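Notes follow the structure.
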Amino acid sequence: MMQNNYKINFQIQITRAVVLCDICLKMVESCSAVNCCNRRRKDVKMKFERIPTDPNMRKLWLHAIRRENFTPSTTTVICKKHFTSGDYEVSVHGNKALKKVAVPSVFDFPAHLEKEPIAIEGF
Ligand SMILES: [Zn+2]
């Protein structure tokens with residue numbers, strides 16, 4: 001009986017941790033790029049872009065981000081720093097909007113990620 005209680009308590013704790021984590025993710029959006037710790041702040045105006053839902057664009061973005069074992073969620077964002085001015089266009093409303101075909105290209109990779117991955121072995 002004691003053991004059962006212990007198990008239940010443990011499960012409740014896990015559930016709570018997950019809930020807390022979800023809330024944190026929603027409250028603070030931080031950049032997912034390697035070596036970048038920009039996060040959404042009230043005092044600094046920083047634009048964040050969500051990972052596209054289009055499977056092809058998503059693949060290109062994830063390839064560009066180069067993070068291992070990285071599964072983006074619906075709240076995963078990348079800050080403006082990783083795009084060039086050419087990645088943006090002025091919309092009909094006069095706002096700057098990220099082009100649909102834009103892929104993040106400006107990163108500060110550590111040395112082991114610096115090299116372009118070799119697509120074809122032996123060439
Ligand atoms: Zn960033």
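Residues are named by chain letter and number: chains run A, B, ... in the order of the structure tokens, numbers start at 1 in each chain, and ligands are numbered from 1 in the order shown.
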At most 12 Å from ligand 1 (only C-alpha atoms and all ligand atoms): residue list as a PDB file with C-alpha atoms, in the first residue's frame:
ATOM      1  CA  GLU A  29       9.927  32.439 -26.388  1.00  0.00           C
ATOM      2  CA  SER A  30      13.640  32.127 -26.867  1.00  0.00           C
ATOM      3  CA  CYS A  31      15.654  31.688 -30.021  1.00  0.00           C
ATOM      4  CA  SER A  32      16.440  28.083 -30.979  1.00  0.00           C
ATOM      5  CA  ALA A  33      19.628  28.849 -32.885  1.00  0.00           C
ATOM      6  CA  VAL A  34      22.960  27.468 -31.659  1.00  0.00           C
ATOM      7  CA  ASN A  35      24.896  30.023 -29.564  1.00  0.00           C
ATOM      8  CA  CYS A  36      22.044  32.505 -29.493  1.00  0.00           C
ATOM      9  CA  CYS A  37      20.227  33.373 -26.306  1.00  0.00           C
ATOM     10  CA  ASN A  38      17.862  36.045 -27.553  1.00  0.00           C
ATOM     11  CA  ARG A  39      14.497  35.723 -25.940  1.00  0.00           C
ATOM     12  CA  ARG A  40      11.310  37.688 -26.100  1.00  0.00           C
ATOM     13  CA  MET A  46      13.107  41.759 -31.209  1.00  0.00           C
ATOM     14  CA  LYS A  47      11.277  39.999 -33.973  1.00  0.00           C
ATOM     15  CA  PHE A  48      10.955  36.222 -33.813  1.00  0.00           C
ATOM     16  CA  GLU A  49       9.983  33.921 -36.649  1.00  0.00           C
ATOM     17  CA  ARG A  50       8.260  30.593 -36.201  1.00  0.00           C
ATOM     18  CA  ILE A  65      19.816  25.491 -37.763  1.00  0.00           C
ATOM     19  CA  THR A  76       9.823  27.064 -31.579  1.00  0.00           C
ATOM     20  CA  VAL A  77      11.146  30.390 -32.846  1.00  0.00           C
ATOM     21  CA  ILE A  78      14.270  31.853 -34.401  1.00  0.00           C
ATOM     22  CA  CYS A  79      15.187  35.483 -33.869  1.00  0.00           C
ATOM     23  CA  LYS A  80      15.600  38.074 -36.605  1.00  0.00           C
ATOM     24  CA  LYS A  81      19.383  38.032 -36.216  1.00  0.00           C
ATOM     25  CA  HIS A  82      19.620  34.897 -38.367  1.00  0.00           C
ATOM     26  CA  PHE A  83      18.083  36.452 -41.448  1.00  0.00           C
ATOM     27  CA  PRO A 104      17.781  31.535 -41.808  1.00  0.00           C
ATOM     28  CA  SER A 105      21.427  31.842 -42.868  1.00  0.00           C
ATOM     29  CA  VAL A 106      23.270  33.953 -40.278  1.00  0.00           C
ATOM     30  CA  PHE A 107      24.566  31.779 -37.443  1.00  0.00           C
ATOM     31  CA  ASP A 108      27.384  31.751 -34.966  1.00  0.00           C
ATOM     32  CA  PHE A 109      28.251  28.064 -35.033  1.00  0.00           C
TER      33      PHE A 109
END
* To do: Measure the distance from atom CA of Asp87 of chain A to atom CA of Trp61 of chain A in Å and round it to one decimal.
  =>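 Going from atom CA of Asp87 of chain A over to atom CA of Trp61 of chain A, I get 13.0 Å.
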* Asked: So how far away is atom CA of Val101 of chain A from atom CA of Asn56 of chain A, in Å?
  ->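 Those two atoms sit 10.1 Å apart.
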